[in-house]
Amino acid sequence: MGLNPQQTVGEELLPIYEKVMNGTRLSREDGILLYTTPNLTGVGYLANIVRERRHGDKTFFVRNQHVNYTNICNKFCKFCSFYAKKGGPAPYQMTLDEVKHRLAWHRDVPMTEIHMVGGINPRLPYSYYLDLVRTVKEARPGVHVKAFTAVEIVEIARQGKVTVDQALADLIEAGLDSLPGGGIEILSERVHGELFGKKLNGEEWKMVARAAAKLGLKQYATMLYGHIETVEERVDHLIQLRELQDETGHFLTMTPLSFHPESTELSDLGGPTADDDLRNIALSRLLLDNFDHIKSFWIMNTVPVTQMSLWYGADDADGLVHEYEITYKAGEWGNKKQVLTYEGMVRMIEEAGRIPVERDSLYREISVEALQSTVQPKLSPLPMATLSG
C-alpha cells in the first residue's frame, strides 16, 4: 500500500498538494513556503507530479555547441567571472574566420543548435552581429541559432542606431532563430542596483522580451540564484516570468542557474548546494504552470544533481555543449572543454531512470531512445565523471 499524501508531503505542504492535484495556480505565499520548508523531499514530490503529468518519463536533450564571441564587456557585473579584467581572463574578440574555425572543430557532430552570447563590447559594429549569424548559418546549414541576451540586443540596436524591433527584425532576416535567457539575472530592482546596475533593469528586459514575442521569436528564461537575492525576490522573479508568459506565450523553457562565486567580486559567498539547485528547479516547475519545460543545466548543477533533478521537476538536461566558458568545473579554471558525448548524455538520463529524448531547439522530437531497463535504475553517477571526452 502506498503512502497517503499527508505522509508523503507532510501536514505543512498538504494544502499545496491539493492545489497541485487540482491544477490550481500557486500563490506568492505558497512559493515562499516551498522555499523555506525543510521538507525538500516533499517539495520534489510535488514538482514531480507536475513534471510527470506533462512529460511522463521523457527527458529532453539537444546536440549543441556554445560560442562566446567576445569577453570584452563594459557592464562590470559583480557576479561575473567571464569578462576580461586585470588579474582575470585575457580579452578576446573573435573574427568571423575564428568563429568558422570554432564551428569546424565539431564538423563531425550533427549539431542541432548553436548557442551564442558574449560580452557588451562597444567596439563591435552593427554589421558584425548580422554577419556573425550569417557565418553560423553558412558554416552549419540548417542549424538553429540561439543567440544574444536582451542586453546584447539593446547594444546591437544602439550600434545600428535603430529600434530594438528593427534590430531584431534584421537579425531574424540574417538567420536568428531564438533568444537565450539571461540579461536580467533576477527581476529585483534592489539586486539590479547592487550587482549589475549598468545592465538593463527589469522593465527594459521585459520590453525586449515583448518585442521578440511580437516578431514571433521564441525565447528562453533563466534566473541566477545563490548570491544576494532573498527568497521573496526569487518568488517574485518567477511570478513576474509567469505573468509575462501569460501575456506573450513565447517562452519555451525555464533554466534556473546556480551562482558560482569563484573569481567574482562575490567570491566570499558560499558556492551552490544540491539543496538549492534541486529546490530552485522544483519551485520553477511548480510556480511556472504556463511553461512547458524546466531545464537543469548540468554544467552548473553537475551531472549527479542533474540526475536527481529529473525527479524534482526538470524534464530537460540541456545538451552536449562542447565548450563553455561562463563558469568552469571546480579546480579546472580555464578549461573550456566541458562536454558530454551523445552516449554519455543518454547514460546520464538512463541511470536516473528516465527516457532520453533527443530534441531540436523548439522541442520537436528527433529520436526517442526508449531505454527502460528491467533492473533498478543505477542512481550512482560516479562513472559519469569520466565520460566527458
# chains A, B, ... in the order shown; residues from 1 in each chain; ligands from 1

$ residues_around --residues "range 245-258 of chain A" --least-positions-apart "5" --cutoff "8 Å" --atoms "only C-alpha atoms" --output "ChimeraX atom specification"
/A:181,210,213,216-226,272,277,280-281,284,290-297,300-301,362

$ residues_around --residues "Leu14 in chain A" --least-positions-apart "6" --cutoff "12 Å" --atoms "only C-alpha atoms" --output "list in words"
Asn4, Pro5, Gln6, Gln7, Thr8, Val20, Met21, Asp30, Leu33, Leu34, Asn39, Gly42, Val43, Tyr45 and Leu46 of chain A

$ write_last_selection --atoms "N, CA and C atoms" --output "mmCIF file, in the first residue's frame"
data_model
loop_
_atom_site.group_PDB
_atom_site.id
_atom_site.type_symbol
_atom_site.label_atom_id
_atom_site.label_comp_id
_atom_site.auth_asym_id
_atom_site.auth_seq_id
_atom_site.Cartn_x
_atom_site.Cartn_y
_atom_site.Cartn_z
ATOM 1 N N ASN A 4 -0.076 7.739 1.933
ATOM 2 C CA ASN A 4 -1.092 8.742 1.611
ATOM 3 C C ASN A 4 -0.406 10.102 1.474
ATOM 4 N N PRO A 5 -1.073 11.090 0.862
ATOM 5 C CA PRO A 5 -0.440 12.385 0.606
ATOM 6 C C PRO A 5 0.120 13.052 1.854
ATOM 7 N N GLN A 6 -0.581 12.951 2.970
ATOM 8 C CA GLN A 6 -0.099 13.593 4.181
ATOM 9 C C GLN A 6 1.225 12.995 4.631
ATOM 10 N N GLN A 7 1.364 11.664 4.513
ATOM 11 C CA GLN A 7 2.623 11.021 4.870
ATOM 12 C C GLN A 7 3.745 11.425 3.906
ATOM 13 N N THR A 8 3.387 11.646 2.653
ATOM 14 C CA THR A 8 4.388 11.942 1.630
ATOM 15 C C THR A 8 4.876 13.375 1.709
ATOM 16 N N VAL A 20 -1.948 21.435 -6.327
ATOM 17 C CA VAL A 20 -1.234 20.776 -7.421
ATOM 18 C C VAL A 20 -2.126 19.725 -8.069
ATOM 19 N N MET A 21 -2.799 18.936 -7.267
ATOM 20 C CA MET A 21 -3.658 17.885 -7.804
ATOM 21 C C MET A 21 -4.840 18.462 -8.579
ATOM 22 N N ASP A 30 2.520 30.578 -1.283
ATOM 23 C CA ASP A 30 2.862 29.170 -1.499
ATOM 24 C C ASP A 30 4.332 29.035 -1.883
ATOM 25 N N LEU A 33 6.619 29.470 1.104
ATOM 26 C CA LEU A 33 6.594 28.277 1.947
ATOM 27 C C LEU A 33 7.433 27.155 1.333
ATOM 28 N N LEU A 34 7.314 26.956 0.027
ATOM 29 C CA LEU A 34 8.070 25.897 -0.635
ATOM 30 C C LEU A 34 9.576 26.159 -0.593
ATOM 31 N N ASN A 39 11.339 20.443 4.287
ATOM 32 C CA ASN A 39 10.918 19.204 3.643
ATOM 33 C C ASN A 39 11.206 19.264 2.137
ATOM 34 N N GLY A 42 9.452 16.575 0.086
ATOM 35 C CA GLY A 42 8.060 16.884 -0.205
ATOM 36 C C GLY A 42 7.919 17.859 -1.359
ATOM 37 N N VAL A 43 8.793 18.866 -1.400
ATOM 38 C CA VAL A 43 8.774 19.838 -2.499
ATOM 39 C C VAL A 43 9.058 19.126 -3.822
ATOM 40 N N TYR A 45 8.575 15.976 -4.498
ATOM 41 C CA TYR A 45 7.444 15.105 -4.805
ATOM 42 C C TYR A 45 6.353 15.883 -5.539
ATOM 43 N N LEU A 46 6.068 17.085 -5.054
ATOM 44 C CA LEU A 46 5.048 17.911 -5.694
ATOM 45 C C LEU A 46 5.457 18.302 -7.111
#

$ residues_around --residues "range 158-170 of chain A" --least-positions-apart "5" --cutoff "12 Å" --atoms "only C-alpha atoms" --output "PyMOL selection string"
chain A and resi 120-131+133-134+147-153+175-179+204-205+207-218

$ write_last_selection --atoms "C-alpha atoms" --output "JSON list (two decimals), in the first residue's frame"
[["chain", "number", "residue", "atom", "x", "y", "z"],
["A", 120, "ILE", "CA", 28.93, 44.01, -24.34],
["A", 121, "ASN", "CA", 31.83, 45.17, -26.47],
["A", 122, "PRO", "CA", 31.22, 48.78, -27.60],
["A", 123, "ARG", "CA", 33.76, 48.43, -30.44],
["A", 124, "LEU", "CA", 31.73, 45.87, -32.36],
["A", 125, "PRO", "CA", 29.69, 47.45, -35.18],
["A", 126, "TYR", "CA", 26.11, 46.60, -36.10],
["A", 127, "SER", "CA", 27.24, 44.68, -39.17],
["A", 128, "TYR", "CA", 29.37, 42.33, -37.04],
["A", 129, "TYR", "CA", 26.33, 40.83, -35.32],
["A", 130, "LEU", "CA", 24.43, 40.30, -38.57],
["A", 131, "ASP", "CA", 27.48, 38.76, -40.21],
["A", 133, "VAL", "CA", 24.63, 35.00, -37.53],
["A", 134, "ARG", "CA", 25.11, 34.62, -41.29],
["A", 147, "ALA", "CA", 21.90, 33.99, -29.76],
["A", 148, "PHE", "CA", 22.12, 37.31, -27.90],
["A", 149, "THR", "CA", 20.64, 38.06, -24.50],
["A", 150, "ALA", "CA", 18.36, 41.05, -24.11],
["A", 151, "VAL", "CA", 21.23, 43.27, -23.00],
["A", 152, "GLU", "CA", 23.13, 42.32, -26.18],
["A", 153, "ILE", "CA", 20.05, 43.11, -28.29],
["A", 175, "GLY", "CA", 19.12, 33.86, -39.56],
["A", 176, "LEU", "CA", 18.49, 34.34, -35.83],
["A", 177, "ASP", "CA", 16.02, 31.72, -34.62],
["A", 178, "SER", "CA", 15.55, 32.38, -30.88],
["A", 179, "LEU", "CA", 16.85, 34.35, -27.91],
["A", 204, "GLU", "CA", 13.79, 47.19, -20.02],
["A", 205, "TRP", "CA", 14.37, 43.44, -20.14],
["A", 207, "MET", "CA", 10.47, 45.38, -23.25],
["A", 208, "VAL", "CA", 12.94, 43.29, -25.27],
["A", 209, "ALA", "CA", 11.01, 40.12, -24.46],
["A", 210, "ARG", "CA", 7.76, 41.69, -25.65],
["A", 211, "ALA", "CA", 9.42, 42.90, -28.85],
["A", 212, "ALA", "CA", 10.73, 39.40, -29.53],
["A", 213, "ALA", "CA", 7.29, 37.89, -28.91],
["A", 214, "LYS", "CA", 5.67, 40.40, -31.28],
["A", 215, "LEU", "CA", 8.00, 39.21, -34.04],
["A", 216, "GLY", "CA", 7.34, 35.55, -33.30],
["A", 217, "LEU", "CA", 10.80, 34.95, -31.88],
["A", 218, "LYS", "CA", 10.89, 32.25, -29.22]]

$ closest_residue --among "A:Trp311, A:Glu155, A:Glu229, A:Thr341" --to "Glu189 in chain A" --atoms "only C-alpha atoms"
A:Glu229

$ residues_around --residues "Asn68 in chain A" --least-positions-apart "6" --cutoff "7 Å" --atoms "only C-alpha atoms" --output "ChimeraX atom specification"
/A:116-118

$ residues_around --residues "Leu310 in chain A" --least-positions-apart "6" --cutoff "8 Å" --atoms "only C-alpha atoms" --output "list in words"
Thr59, Asp316, Ala352 and Arg354 of chain A

$ closest_residue --among "A:Asp289, A:Gly119, A:Ile114, A:Ala274" --to "Asn71 in chain A" --atoms "only C-alpha atoms"
A:Gly119

$ residues_around --residues "Gly44 in chain A" --least-positions-apart "4" --cutoff "12 Å" --atoms "only C-alpha atoms" --output "compact mmCIF listing (two decimals) with C-alpha atoms, in the first residue's frame"
# COMPACT_ATOMS: atom_id res chain seq x y z
CA THR A 8 4.39 11.94 1.63
CA VAL A 9 4.36 15.76 1.73
CA LEU A 13 2.52 21.12 2.40
CA TYR A 17 -0.62 19.26 -2.65
CA LEU A 34 8.07 25.90 -0.63
CA TYR A 35 11.39 27.76 -0.48
CA THR A 37 10.20 24.39 4.34
CA PRO A 38 12.88 21.92 5.46
CA ASN A 39 10.92 19.20 3.64
CA LEU A 40 12.86 19.24 0.37
CA ASN A 48 7.49 15.55 -9.91
CA ILE A 49 3.71 15.25 -10.06
CA VAL A 50 3.61 18.21 -12.44
CA ARG A 51 6.64 17.01 -14.38
CA GLU A 52 5.21 13.54 -14.98
CA ASP A 275 19.53 21.51 -1.90
CA ASP A 276 19.44 24.93 -3.52
CA ASP A 277 19.77 23.55 -7.04
CA LEU A 278 17.01 20.99 -6.60
CA ARG A 279 14.73 23.41 -4.77
CA ASN A 280 15.00 26.09 -7.46
CA ILE A 281 14.25 23.56 -10.18
CA ALA A 282 11.25 22.28 -8.22
CA LEU A 283 9.95 25.79 -7.50
CA SER A 284 10.29 26.72 -11.16
CA ARG A 285 8.21 23.68 -12.12
CA LEU A 286 5.55 24.39 -9.51
CA MET A 308 18.39 13.93 -9.21
CA SER A 309 16.69 16.99 -10.72
CA LEU A 310 14.87 14.74 -13.18
CA TRP A 311 12.77 13.69 -10.15
CA TYR A 312 12.45 17.27 -8.86
CA GLY A 313 10.66 18.85 -11.80
CA ALA A 314 13.26 19.03 -14.60

$ atom_distance --atom1 "CA of Val62 in chain A" --atom2 "CA of Ile172 in chain A"
21.7 Å

$ select_by_dssp --residues "range 175-375 of chain A" --states "alpha helix (DSSP H)" --output "VMD selection string"
chain A and resid 189 to 195 202 to 214 231 to 248 274 to 287 298 to 301 303 to 309 342 to 351

$ closest_residue --among "A:Glu232, A:Glu343, A:Glu113, A:Glu18" --to "Leu187 in chain A" --atoms "only C-alpha atoms"
A:Glu232
